[in-house]
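In what follows, a single structure is set out as structure tokens and then discussed.
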Amino acid sequence: MRVTRRLEFDAGHRIPDHASQCRHLHGHRYAIEITLSGEIISAAGQAVNGMVMDFGEIKNIAKIHVVDAWDHAFLAYRHDKPVVDFLAGLPGHKTVILDVVPTAENLASEAFSILDSHYRDTFGNHLRLERVRLYETPNCWADAVRSEI
């Protein structure tokens, strides 16, 4: 069985080598979908009975480890020196420094790497993270899929 939880956050970024508009500082209303696979839990009398994982717990894990860190932050590539230096000069600015250019593809991959170990099989139902889908816009997204990573 597969289950998916969707969360949204706002963040800024730029793609420094882009040949068009995305090389400029801008932001998005991102959406992230976390897809898990596992067997349906059979545990009579327990709150998780009949679930792969409680949707609220899926949300809490993603929120703690990715969404809260990236929400209302500027996601900056470590080697984008002009932007990194500029943001460092803004007292208290929320900046996330990444080792990769913050494209939708790289952000989906980063989120998968961050979250993978946090979705643990605690009920013997073979729970695991299968996919992180990151929407940069409603019409553009990237998938980081376990079988393809």
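Ordered as shown in the structure tokens, chains take letters A, B, and onward, while each chain numbers its residues from 1 and ligands are numbered from 1 in the order shown.
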(message) List as a PyMOL selection string the protein and nucleic acid residues near A:Leu36, meaning an atom at most 7 Å away when only C-alpha atoms are counted, but skip any in the same chain fewer than 6 places from it.
(response) chain A and resi 2-4+127-130
Could you list, with a cut-off of 12 Å and counting only C-alpha atoms, the residues of stretch 38-131 of chain A near stretch 28-34 of chain A, each shown with its nearest atom pair and the distance in Å rounded to one decimal, rows sorted by chain and ascending number, as CSV?
residue,atom,partner,partner_atom,distance
A:Met53,CA,A:Ile34,CA,11.7
A:Phe55,CA,A:Ile34,CA,10.1
A:Glu57,CA,A:Ile34,CA,11.5
A:Ile58,CA,A:Ile34,CA,7.7
A:Lys59,CA,A:Ile34,CA,8.5
A:Asn60,CA,A:Ile34,CA,11.4
A:Ile61,CA,A:Ile34,CA,10.1
A:Ala62,CA,A:Ile34,CA,7.8
A:Lys63,CA,A:Ile32,CA,10.3
A:Val66,CA,A:Ile32,CA,9.6
A:Val67,CA,A:Ile32,CA,8.5
A:Trp70,CA,A:Tyr30,CA,9.9
A:Asp71,CA,A:Tyr30,CA,9.0
A:His72,CA,A:Arg29,CA,9.7
A:Ala73,CA,A:His28,CA,10.8
A:Phe74,CA,A:His28,CA,10.4
A:Leu75,CA,A:His28,CA,11.0
A:Pro102,CA,A:His28,CA,11.9
A:Thr103,CA,A:His28,CA,11.6
A:Ala104,CA,A:Tyr30,CA,9.4
A:Leu107,CA,A:Ile32,CA,9.9
A:Ala108,CA,A:Ile32,CA,8.2
A:Ser109,CA,A:Ile32,CA,11.6
A:Glu110,CA,A:Ile32,CA,12.0
A:Ala111,CA,A:Ile32,CA,9.0
A:Phe112,CA,A:Ile34,CA,8.7
A:Ile114,CA,A:Ile34,CA,11.9
A:Leu115,CA,A:Ile34,CA,9.1
A:Asp116,CA,A:Ile34,CA,10.2
A:His118,CA,A:Ile34,CA,11.8
A:Tyr119,CA,A:Ile34,CA,10.2
A:Arg128,CA,A:Ile34,CA,10.6
A:Leu129,CA,A:Ile34,CA,7.5
A:Glu130,CA,A:Ile34,CA,8.0
A:Arg131,CA,A:Ile34,CA,6.2
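Among the candidates A:Asp10, A:Ser147, A:Asn139, A:Gly38, the one nearest to A:His26 when counting only C-alpha atoms is A:Asp10.
Distances here use only C-alpha atoms; by that measure, the residue among A:Thr35, A:Ser117, A:Asn106, A:Thr137 closest to A:Glu8 is A:Thr137.
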(request) Between A:Ser37, A:Val84, A:Asp68, A:Lys94, single out the one closest to A:Leu7, counting only C-alpha atoms. (result) A:Asp68
(request) Could you give me, as a VMD selection string, the residues within 12 Å of A:His79, counting only C-alpha atoms and dropping anything in the same chain fewer than 2 positions from it? (result) chain A and resid 15 to 17 76 to 77 81 to 85 97 to 102
(request) Figure out the distance between atom CA of A:Val48 and atom CA of A:Gly124, please, to one decimal in Å. (result) 12.4 Å
(message) Considering only strand (DSSP E or B) as DSSP defines it on the backbone, what residues of stretch 48-80 of chain A qualify? List them as JSON, numbers by chain.
(response) {"A": [73, 74, 75, 76, 77]}
(request) Write down as a ChimeraX atom specification the residues of chain A whose backbone DSSP state falls under helix (DSSP H, G or I). (result) /A:21-23,55-70,81-88,104-118,146-148
(request) Write out as an MDAnalysis selection string which residues come within 12 Å of A:Asn49 when counting only C-alpha atoms, dropping same-chain ones fewer than 5 positions away. (result) chainID A and resid 39:44 54 123 125
Put those residues in a file: C-alpha atoms, as a tab-separated table (two decimals), in the first residue's frame.
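That gives us selection-v4.tsv:
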chain	number	residue	atom	x	y	z
A	39	GLU	CA	1.71	-2.99	4.73
A	40	ILE	CA	-1.51	-1.90	6.39
A	41	ILE	CA	-1.02	-2.24	10.15
A	42	SER	CA	-3.23	-4.76	11.88
A	43	ALA	CA	-3.16	-3.76	15.54
A	44	ALA	CA	-6.60	-3.91	17.10
A	54	ASP	CA	-0.83	8.13	10.48
A	123	PHE	CA	5.16	-1.73	13.44
A	125	ASN	CA	4.90	-3.24	8.25
